[in-house]
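The next block is run04.tsv, given as TSV, C-alpha atoms.
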chain	number	residue	atom	x	y	z
A	25	MET	CA	37.95	86.90	-13.31
A	26	LYS	CA	36.64	87.93	-16.73
A	27	ASP	CA	38.98	86.66	-19.36
A	28	ASN	CA	38.81	86.46	-23.14
A	29	SER	CA	42.21	85.07	-23.84
A	30	SER	CA	43.31	83.87	-27.24
A	31	ILE	CA	46.51	82.38	-28.56
A	32	GLY	CA	48.99	85.05	-29.50
A	33	GLU	CA	48.55	87.22	-26.42
A	34	TRP	CA	50.15	84.69	-24.16
A	35	ASP	CA	53.69	85.95	-24.23
A	36	GLU	CA	52.90	89.08	-22.23
A	37	GLU	CA	53.85	87.49	-18.91
A	38	ILE	CA	57.23	86.23	-20.11
A	39	LYS	CA	58.02	88.85	-22.77
A	40	LYS	CA	60.14	91.11	-20.55
A	41	LEU	CA	62.20	88.19	-19.26
A	42	CYS	CA	62.91	87.02	-22.83
A	43	GLU	CA	63.90	90.53	-23.87
A	44	LYS	CA	66.23	90.83	-20.90
A	45	ILE	CA	67.92	87.51	-21.75
A	46	ASN	CA	68.19	88.33	-25.46
A	47	ARG	CA	69.88	91.66	-24.73
A	48	LYS	CA	72.89	89.70	-23.46
A	49	LYS	CA	75.47	88.69	-26.05
A	50	GLU	CA	75.91	85.19	-24.69
A	51	TYR	CA	72.25	84.09	-24.77
A	52	TYR	CA	69.26	83.84	-27.05
A	53	THR	CA	65.88	82.28	-26.31
A	54	THR	CA	64.73	79.54	-28.69
A	55	SER	CA	61.28	78.95	-27.19
A	56	SER	CA	59.20	80.16	-24.28
A	57	CYS	CA	55.87	79.66	-22.57
A	58	SER	CA	54.61	81.65	-19.59
A	59	GLY	CA	52.55	78.72	-18.34
A	60	ARG	CA	49.15	77.70	-19.66
A	61	ILE	CA	45.93	75.79	-19.23
A	62	VAL	CA	44.91	73.32	-21.95
A	63	LEU	CA	42.41	70.61	-22.83
A	64	ILE	CA	44.16	67.93	-24.83
A	65	LYS	CA	43.20	64.57	-26.31
A	66	GLN	CA	45.15	61.66	-24.85
A	67	ALA	CA	47.44	60.05	-27.44
A	68	GLU	CA	50.47	57.79	-27.23
A	69	LYS	CA	52.48	60.08	-29.53
A	70	LYS	CA	52.59	63.81	-30.19
A	71	GLN	CA	50.60	64.72	-33.29
A	72	GLY	CA	48.60	67.59	-34.76
A	73	GLY	CA	45.06	68.40	-33.67
A	74	LEU	CA	45.26	67.14	-30.10
A	75	PHE	CA	44.62	70.51	-28.45
A	76	LEU	CA	40.95	71.33	-27.88
A	77	PHE	CA	41.58	74.50	-25.90
A	78	ARG	CA	44.53	76.52	-24.66
A	79	THR	CA	45.01	79.76	-22.82
A	80	HIS	CA	47.97	81.50	-21.23
A	81	LYS	CA	45.74	83.45	-18.90
A	82	LYS	CA	43.84	82.55	-15.78
A	83	ILE	CA	40.44	81.00	-16.39
A	84	ASN	CA	37.01	81.16	-14.77
A	85	PHE	CA	34.43	78.45	-14.14
A	86	LYS	CA	32.06	79.56	-16.92
A	87	GLN	CA	34.82	79.65	-19.50
A	88	LEU	CA	36.14	76.20	-18.57
A	89	LYS	CA	32.64	74.71	-18.50
A	90	ASN	CA	31.89	76.13	-21.97
A	91	GLU	CA	35.13	74.72	-23.37
A	92	LEU	CA	34.40	71.32	-21.82
A	93	LEU	CA	30.88	71.25	-23.30
A	94	LYS	CA	32.34	72.10	-26.72
A	95	ALA	CA	34.96	69.36	-26.31
A	96	ILE	CA	32.27	66.84	-25.36
A	97	LYS	CA	30.30	67.62	-28.53
A	98	THR	CA	33.25	66.98	-30.80
A	99	ASN	CA	34.95	64.10	-28.98
A	100	LYS	CA	32.73	61.11	-28.39
A	101	THR	CA	35.49	58.52	-28.57
A	102	ASP	CA	38.50	60.15	-26.92
A	103	LEU	CA	39.92	60.52	-23.46
A	104	VAL	CA	40.53	64.22	-22.82
A	105	TYR	CA	42.98	65.56	-20.23
A	106	PHE	CA	42.91	68.88	-18.39
A	107	ARG	CA	46.41	70.23	-17.97
A	108	GLN	CA	47.95	73.27	-16.31
A	109	GLU	CA	51.60	73.67	-17.26
A	110	PRO	CA	54.34	75.80	-15.67
A	111	CYS	CA	56.52	78.40	-17.39
A	112	ILE	CA	59.22	76.97	-19.65
A	113	LEU	CA	62.10	78.60	-21.47
A	114	HIS	CA	64.85	77.31	-23.76
A	115	VAL	CA	67.98	79.43	-24.01
A	116	ALA	CA	70.93	78.78	-26.33
A	117	CYS	CA	74.15	79.71	-24.50
A	118	ALA	CA	77.57	80.67	-25.88
A	119	SER	CA	79.42	78.87	-23.09
A	120	LEU	CA	78.90	76.29	-20.39
A	121	ALA	CA	79.83	78.86	-17.75
A	122	GLY	CA	77.11	81.16	-19.10
A	123	ALA	CA	74.59	78.33	-19.01
A	124	GLN	CA	75.59	77.53	-15.42
A	125	ASN	CA	75.14	81.15	-14.36
A	126	LEU	CA	71.66	81.37	-15.81
A	127	LEU	CA	70.79	77.94	-14.38
A	128	ASP	CA	71.84	79.11	-10.91
A	129	SER	CA	69.55	82.14	-11.19
A	130	ALA	CA	66.69	79.99	-12.47
A	131	LYS	CA	66.99	77.59	-9.52
A	132	LEU	CA	67.13	80.53	-7.12
A	133	ALA	CA	63.92	81.91	-8.66
A	134	GLY	CA	62.17	78.56	-8.16
A	135	TRP	CA	62.45	77.15	-11.68
A	136	LYS	CA	63.40	73.81	-10.19
A	137	ASN	CA	63.05	71.50	-13.20
A	138	SER	CA	65.92	73.09	-15.09
A	139	GLY	CA	69.02	71.64	-16.68
A	140	ILE	CA	71.57	72.01	-19.43
A	141	MET	CA	71.21	70.10	-22.69
A	142	ALA	CA	74.75	70.11	-24.04
A	143	SER	CA	75.82	68.59	-27.32
A	144	SER	CA	79.04	68.90	-29.31
A	145	SER	CA	77.46	71.67	-31.41
A	146	ARG	CA	75.30	73.64	-28.99
A	147	ILE	CA	74.54	74.34	-25.35
A	148	VAL	CA	70.86	74.79	-24.57
A	149	LEU	CA	69.50	75.54	-21.13
A	150	GLU	CA	66.00	74.24	-20.44
A	151	MET	CA	64.35	76.11	-17.60
A	152	ARG	CA	61.03	74.93	-16.23
A	153	SER	CA	59.07	75.57	-13.08
A	154	THR	CA	57.07	72.96	-11.17
A	155	GLU	CA	53.40	74.06	-11.05
A	156	PHE	CA	51.44	71.32	-12.73
A	157	ILE	CA	48.00	69.75	-12.89
A	158	GLN	CA	47.22	66.87	-15.21
A	159	MET	CA	44.11	64.72	-15.02
A	160	PRO	CA	41.46	62.98	-17.14
A	161	ILE	CA	38.36	65.18	-17.43
A	162	ILE	CA	36.24	63.82	-20.33
A	163	ASN	CA	35.93	60.21	-21.48
A	164	LEU	CA	33.86	58.91	-24.40
A	165	GLY	CA	31.92	62.16	-24.62
A	166	LYS	CA	31.08	62.28	-20.89
A	167	MET	CA	32.22	64.72	-18.22
A	168	LEU	CA	34.09	62.87	-15.49
A	169	VAL	CA	33.70	65.41	-12.68
A	170	ASP	CA	30.95	67.68	-11.34
A	171	ASP	CA	30.71	71.48	-11.21
A	172	LYS	CA	31.88	71.61	-7.62
A	173	PHE	CA	35.06	69.87	-8.65
A	174	LEU	CA	35.47	72.18	-11.65
A	175	LYS	CA	35.24	75.23	-9.38
A	176	LEU	CA	38.02	73.91	-7.16
A	177	LEU	CA	40.05	72.96	-10.25
A	178	VAL	CA	39.78	76.51	-11.62
A	179	LYS	CA	40.91	77.87	-8.26
A	180	GLU	CA	43.90	75.51	-8.09
A	181	ALA	CA	44.91	76.01	-11.73
A	182	ASN	CA	44.78	79.80	-11.31
A	183	ARG	CA	46.73	79.62	-8.05
A	184	LYS	CA	49.45	77.57	-9.73
A	185	LEU	CA	49.46	79.83	-12.80
A	186	GLU	CA	49.90	82.87	-10.54
A	187	ARG	CA	52.76	81.12	-8.82
A	188	THR	CA	54.43	80.36	-12.15
A	189	PHE	CA	53.96	84.01	-13.23
A	190	SER	CA	55.56	85.20	-10.00
A	191	LYS	CA	58.58	82.99	-10.70
A	192	ILE	CA	58.95	84.64	-14.11
A	193	LYS	CA	59.02	88.04	-12.36
A	194	LYS	CA	61.47	86.72	-9.79
A	195	LEU	CA	63.92	85.51	-12.44
A	196	GLU	CA	63.49	88.78	-14.33
A	197	LYS	CA	64.58	90.69	-11.21
A	198	LEU	CA	67.51	88.38	-10.52
A	199	LEU	CA	69.07	88.99	-13.93
A	200	LEU	CA	71.18	92.13	-14.16
B	6	MET	CA	45.97	43.44	-9.74
B	7	LYS	CA	46.56	42.28	-6.17
B	8	ASP	CA	49.25	44.41	-4.62
B	9	ASN	CA	50.55	44.80	-1.08
B	10	SER	CA	53.32	47.26	-1.72
B	11	SER	CA	55.25	48.96	1.01
B	12	ILE	CA	58.07	51.46	1.03
B	13	GLY	CA	61.40	49.73	0.67
B	14	GLU	CA	60.42	47.35	-2.12
B	15	TRP	CA	60.12	50.12	-4.65
B	16	ASP	CA	63.60	50.00	-6.08
B	17	GLU	CA	63.11	46.66	-7.84
B	18	GLU	CA	62.09	48.26	-11.15
B	19	ILE	CA	65.09	50.60	-11.30
B	20	LYS	CA	67.67	48.52	-9.38
B	21	LYS	CA	69.31	46.90	-12.40
B	22	LEU	CA	69.65	50.22	-14.20
B	23	CYS	CA	71.32	51.80	-11.15
B	24	GLU	CA	73.69	48.85	-10.82
B	25	LYS	CA	74.61	49.09	-14.49
B	26	ILE	CA	75.37	52.81	-14.15
B	27	ASN	CA	77.33	52.37	-10.92
B	28	ARG	CA	79.54	49.69	-12.50
B	29	LYS	CA	81.00	52.40	-14.73
B	30	LYS	CA	83.95	54.33	-13.32
B	31	GLU	CA	82.69	57.71	-14.50
B	32	TYR	CA	79.22	57.61	-12.89
B	33	TYR	CA	77.49	57.07	-9.60
B	34	THR	CA	73.80	57.44	-8.81
B	35	THR	CA	72.90	59.83	-6.00
B	36	SER	CA	69.13	59.23	-5.94
B	37	SER	CA	66.57	57.23	-7.86
B	38	CYS	CA	62.85	56.55	-8.06
B	39	SER	CA	61.21	54.06	-10.42
B	40	GLY	CA	58.02	56.12	-10.56
B	41	ARG	CA	55.30	56.12	-7.93
B	42	ILE	CA	51.74	56.90	-6.90
B	43	VAL	CA	51.18	59.10	-3.85
B	44	LEU	CA	48.55	60.94	-1.86
B	45	ILE	CA	50.01	64.17	-0.54
B	46	LYS	CA	48.74	67.17	1.40
B	47	GLN	CA	48.92	70.43	-0.50
B	48	ALA	CA	51.42	72.84	1.04
B	49	GLU	CA	53.26	75.89	-0.23
B	50	LYS	CA	56.61	74.50	0.90
B	51	LYS	CA	58.11	71.06	1.23
B	52	GLN	CA	57.95	69.79	4.80
B	53	GLY	CA	57.71	66.56	6.76
B	54	GLY	CA	54.48	64.61	7.14
B	55	LEU	CA	52.83	65.62	3.88
B	56	PHE	CA	52.66	62.11	2.40
B	57	LEU	CA	49.54	60.15	3.29
B	58	PHE	CA	50.26	57.20	1.01
B	59	ARG	CA	52.94	56.13	-1.43
B	60	THR	CA	53.64	53.09	-3.51
B	61	HIS	CA	56.10	52.24	-6.27
B	62	LYS	CA	53.82	49.56	-7.64
B	63	LYS	CA	50.67	49.61	-9.69
B	64	ILE	CA	47.50	50.06	-7.64
B	65	ASN	CA	43.95	48.73	-7.79
B	66	PHE	CA	40.64	50.45	-7.13
B	67	LYS	CA	40.04	48.84	-3.73
B	68	GLN	CA	43.49	49.78	-2.49
B	69	LEU	CA	43.17	53.41	-3.62
B	70	LYS	CA	39.66	53.72	-2.18
B	71	ASN	CA	40.87	52.39	1.18
B	72	GLU	CA	43.77	54.83	1.26
B	73	LEU	CA	41.45	57.71	0.38
B	74	LEU	CA	39.00	56.77	3.14
B	75	LYS	CA	41.88	56.64	5.62
B	76	ALA	CA	43.12	60.03	4.39
B	77	ILE	CA	39.64	61.53	4.78
B	78	LYS	CA	39.45	60.38	8.40
B	79	THR	CA	42.70	62.08	9.33
B	80	ASN	CA	42.54	65.23	7.17
B	81	LYS	CA	39.45	67.31	7.73
B	82	THR	CA	41.10	70.65	6.95
B	83	ASP	CA	43.54	69.92	4.13
B	84	LEU	CA	43.50	69.79	0.37
B	85	VAL	CA	44.93	66.42	-0.70
B	86	TYR	CA	46.42	65.74	-4.12
B	87	PHE	CA	46.65	62.45	-6.00
B	88	ARG	CA	49.92	62.22	-7.88
B	89	GLN	CA	51.53	59.71	-10.20
B	90	GLU	CA	55.18	60.54	-10.83
B	91	PRO	CA	57.56	59.27	-13.52
B	92	CYS	CA	60.95	57.60	-12.99
B	93	ILE	CA	63.73	59.94	-11.90
B	94	LEU	CA	67.45	59.42	-11.47
B	95	HIS	CA	70.33	61.65	-10.39
B	96	VAL	CA	73.79	60.64	-11.55
B	97	ALA	CA	77.07	62.32	-10.57
B	98	CYS	CA	79.39	62.33	-13.60
B	99	ALA	CA	83.19	62.57	-13.75
B	100	SER	CA	83.12	64.68	-16.91
B	101	LEU	CA	80.78	66.79	-19.00
B	102	ALA	CA	81.34	64.46	-21.96
B	103	GLY	CA	80.25	61.52	-19.82
B	104	ALA	CA	77.16	63.42	-18.69
B	105	GLN	CA	76.34	64.26	-22.32
B	106	ASN	CA	76.65	60.61	-23.36
B	107	LEU	CA	74.30	59.40	-20.66
B	108	LEU	CA	71.91	62.30	-21.38
B	109	ASP	CA	71.78	61.29	-25.05
B	110	SER	CA	70.89	57.71	-24.11
B	111	ALA	CA	68.25	58.94	-21.65
B	112	LYS	CA	66.58	61.12	-24.30
B	113	LEU	CA	66.66	58.22	-26.75
B	114	ALA	CA	64.94	56.01	-24.17
B	115	GLY	CA	62.18	58.59	-23.70
B	116	TRP	CA	63.41	60.25	-20.48
B	117	LYS	CA	62.57	63.61	-22.02
B	118	ASN	CA	62.75	65.89	-18.97
B	119	SER	CA	66.47	65.41	-18.47
B	120	GLY	CA	69.33	67.85	-18.18
B	121	ILE	CA	72.74	68.48	-16.68
B	122	MET	CA	73.13	70.41	-13.43
B	123	ALA	CA	76.70	71.61	-13.64
B	124	SER	CA	78.47	73.59	-10.96
B	125	SER	CA	82.11	74.42	-10.43
B	126	SER	CA	82.47	71.47	-8.07
B	127	ARG	CA	80.26	68.76	-9.54
B	128	ILE	CA	78.38	67.59	-12.62
B	129	VAL	CA	75.05	65.96	-11.88
B	130	LEU	CA	72.74	64.62	-14.54
B	131	GLU	CA	69.04	64.71	-13.68
B	132	MET	CA	67.07	62.24	-15.74
B	133	ARG	CA	63.29	62.23	-15.62
B	134	SER	CA	60.55	60.79	-17.75
B	135	THR	CA	57.24	62.52	-18.52
B	136	GLU	CA	54.38	60.32	-17.25
B	137	PHE	CA	52.51	62.41	-14.73
B	138	ILE	CA	49.11	62.84	-13.11
B	139	GLN	CA	48.49	65.49	-10.48
B	140	MET	CA	45.04	66.54	-9.27
B	141	PRO	CA	43.07	67.50	-6.16
B	142	ILE	CA	41.20	64.47	-4.80
B	143	ILE	CA	40.10	65.31	-1.22
B	144	ASN	CA	39.17	68.70	0.20
B	145	LEU	CA	38.14	69.49	3.78
B	146	GLY	CA	37.59	65.81	4.52
B	147	LYS	CA	35.40	65.17	1.47
B	148	MET	CA	36.07	63.03	-1.59
B	149	LEU	CA	36.01	65.21	-4.72
B	150	VAL	CA	35.35	62.48	-7.30
B	151	ASP	CA	33.14	59.38	-7.58
B	152	ASP	CA	34.08	55.69	-7.85
B	153	LYS	CA	33.68	55.70	-11.62
B	154	PHE	CA	36.31	58.41	-11.84
B	155	LEU	CA	38.57	56.55	-9.40
B	156	LYS	CA	38.43	53.43	-11.58
B	157	LEU	CA	39.51	55.41	-14.65
B	158	LEU	CA	42.20	57.14	-12.58
B	159	VAL	CA	43.62	53.79	-11.44
B	160	LYS	CA	43.68	52.63	-15.07
B	161	GLU	CA	45.45	55.77	-16.26
B	162	ALA	CA	47.93	55.87	-13.37
B	163	ASN	CA	48.83	52.20	-13.96
B	164	ARG	CA	49.16	52.76	-17.71
B	165	LYS	CA	51.54	55.67	-17.11
B	166	LEU	CA	53.48	53.74	-14.47
B	167	GLU	CA	53.90	50.83	-16.90
B	168	ARG	CA	55.13	53.28	-19.50
B	169	THR	CA	57.66	54.75	-17.08
B	170	PHE	CA	58.83	51.22	-16.14
B	171	SER	CA	59.29	50.37	-19.83
B	172	LYS	CA	61.50	53.46	-20.23
B	173	ILE	CA	63.69	52.23	-17.39
B	174	LYS	CA	64.11	48.91	-19.23
B	175	LYS	CA	64.78	50.76	-22.47
B	176	LEU	CA	67.59	52.85	-20.95
B	177	GLU	CA	69.00	49.75	-19.26
B	178	LYS	CA	69.27	48.06	-22.66
B	179	LEU	CA	70.81	51.13	-24.32
B	180	LEU	CA	73.71	51.25	-21.85
B	181	LEU	CA	76.60	48.96	-22.68
Rendering of file as structure tokens:
Amino acid sequence: MKDNSSIGEWDEEIKKLCEKINRKKEYYTTSSCSGRIVLIKQAEKKQGGLFLFRTHKKINFKQLKNELLKAIKTNKTDLVYFRQEPCILHVACASLAGAQNLLDSAKLAGWKNSGIMASSSRIVLEMRSTEFIQMPIINLGKMLVDDKFLKLLVKEANRKLERTFSKIKKLEKLLL
Amino acid sequence: MKDNSSIGEWDEEIKKLCEKINRKKEYYTTSSCSGRIVLIKQAEKKQGGLFLFRTHKKINFKQLKNELLKAIKTNKTDLVYFRQEPCILHVACASLAGAQNLLDSAKLAGWKNSGIMASSSRIVLEMRSTEFIQMPIINLGKMLVDDKFLKLLVKEANRKLERTFSKIKKLEKLLL
């Protein structure tokens, strides 16, 4: 698949779902991601500058290989992880009943890692699907796997990304 | 690290935390896992017989290599994933306020993927930490990575497992 993705275009896959949720009086989305593929430096704590690459679209072997070669050039001392993340959505809800309703739909659509984060001031529903890959891929400026592995990794990451996209569509259809 | 783990011993790391929670009138645990390392056949749906290996203890290179060689012998047609999972705990709660309290402690202890699963009949808190590795490791009866990679993988999986264990201890201490 030819793909020239860049940050900013990513929301296409989840845009309609967000719009549908935000049209309802009782909900508003506070953050969303359609699922993505990233290269990220390993670090004990979250901090700026860890991401070496990210896309919200499917990837191909050539693209991944190029990004890895770039990452190798600039990171001679780090451990770098490849990660494919599922769709995730945070929705502020006016009531617990409303949060429960949306949670039920999310579970039905396959967003299995979902739950309500209630506090005295606010009810936020976190909805997350399950498609995930996370593995070391570069260490000390050296590639840890061969091209054959990379080709399978691309296939698996794209398969999981497609699955996460289909769950977005499924939830979109379930909501009235 | 020498390790002869077997299923059944796993609960040691999370046992005290479960006991502490179950001593409180308002909570009871419905399932728990201290974190684990598994080899599992890729399948679109959950089904029996997918697990080829699982341990709730840290692993060493020799042990992992042996398990992979066994898996290769018996799985000539499957894609097999290596997975290291974080601690996870489900707690039924008598009230939403009680669930919120425990959720706050869990977040504070670093169990970041946690949320309340409320329904009209029951309030269940799902608490999960974030340490995770998931990657293809065998395909069509062939090892996808070399020993050097496996050694790094063992190191990373053990590091993440230790981190997940320390979060169990942290939550245990936070609860009165």
Query - Residue hits in chain A, query chain B, radius 7 Å, all atoms listed in the file, as a list in words - result: Gln124, Ser138, Gly139, Ile140, Met141, Ala142, Ser143, Phe156, Ile157, Gln158, Met159, Leu168, Val169 and Phe173 of chain A
Polymer residues at most 9 Å from A:Thr53, all atoms listed in the file, same-chain spacing of 3 or more positions, as a PDB file with C-alpha atoms, keeping the file's coordinate frame:
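So around04.pdb came out as:
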ATOM      1  CA  CYS A  42      62.910  87.020 -22.830  1.00  0.00           C
ATOM      2  CA  GLU A  43      63.900  90.530 -23.870  1.00  0.00           C
ATOM      3  CA  ILE A  45      67.920  87.510 -21.750  1.00  0.00           C
ATOM      4  CA  ASN A  46      68.190  88.330 -25.460  1.00  0.00           C
ATOM      5  CA  SER A  56      59.200  80.160 -24.280  1.00  0.00           C
ATOM      6  CA  LEU A 113      62.100  78.600 -21.470  1.00  0.00           C
ATOM      7  CA  HIS A 114      64.850  77.310 -23.760  1.00  0.00           C
ATOM      8  CA  VAL A 115      67.980  79.430 -24.010  1.00  0.00           C
ATOM      9  CA  ALA A 116      70.930  78.780 -26.330  1.00  0.00           C
ATOM     10  CA  CYS A 117      74.150  79.710 -24.500  1.00  0.00           C
TER      11      CYS A 117
END
Report task. Calculate how many Å separate atom CA of A:Pro110 from atom CA of A:Gly59, rounding to one decimal. Result ->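 Atom CA of A:Pro110 sits 4.3 Å away from atom CA of A:Gly59.
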Query raised in the report: Within 8 Å of A:Leu92, counting all atoms listed in the file, which residues qualify if same-chain residues fewer than 4 places away don't, as a ChimeraX atom specification?
Result: /A:88,96,162,167
Report summary line: Counting all atoms listed in the file, closest pick from B:Ile128, B:Ala111, B:Leu145, B:Cys38 relative to B:Val85 is B:Leu145
Query raised in the report: Please, what distance in Å, to one decimal, runs between atom CA of B:Ala114 and atom CA of A:Ala118?
Result: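 Those two atoms sit 27.8 Å apart.
Distance check against A:Arg187 using only C-alpha atoms: of B:Ser126, B:Lys156, B:Gly146, B:Glu49, the minimum falls on B:Glu49.
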Requested in this report: Could you tell me how far atom CA of A:Val178 lies from atom CA of A:Lys193, in Å and to one decimal?
Outcome: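 We find that atom CA of A:Val178 and atom CA of A:Lys193 lie 22.4 Å from each other.
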Box for stretch 129-142 of chain A: with edges along x, y and z, all listed atoms inside and 6 Å added on each side, what are the centre and edge lengths in Å to one decimal, as lines of an AutoDock Vina configuration file?
center_x = 68.5
center_y = 76.1
center_z = -15.6
size_x = 24.6
size_y = 24.0
size_z = 28.9
**Report entry** Long-range neighbours of A:Lys65 as an MDAnalysis selection string, 9 Å cut-off, only C-alpha atoms, 3 positions minimum in chain
**Finding:** chainID A and resid 73:76 99 102:105
Query raised in the report: Which one is closest to A:Gly134: A:Lys94, A:Phe189, A:Ala67, A:Thr101? Count all atoms listed in the file.
Result: A:Phe189
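When all atoms listed in the file are used to measure the gap to A:Thr154, the shortest distance among A:Glu109, A:Glu186, A:Asp171, A:Glu196 belongs to A:Glu109.
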Query raised in the report: Which one of B:Lys147, B:Lys51, B:Lys25, B:Lys62 sits closest to B:Lys81 if you count only C-alpha atoms?
Result: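 Looking at the shortest contact to B:Lys81, the residue is B:Lys147.
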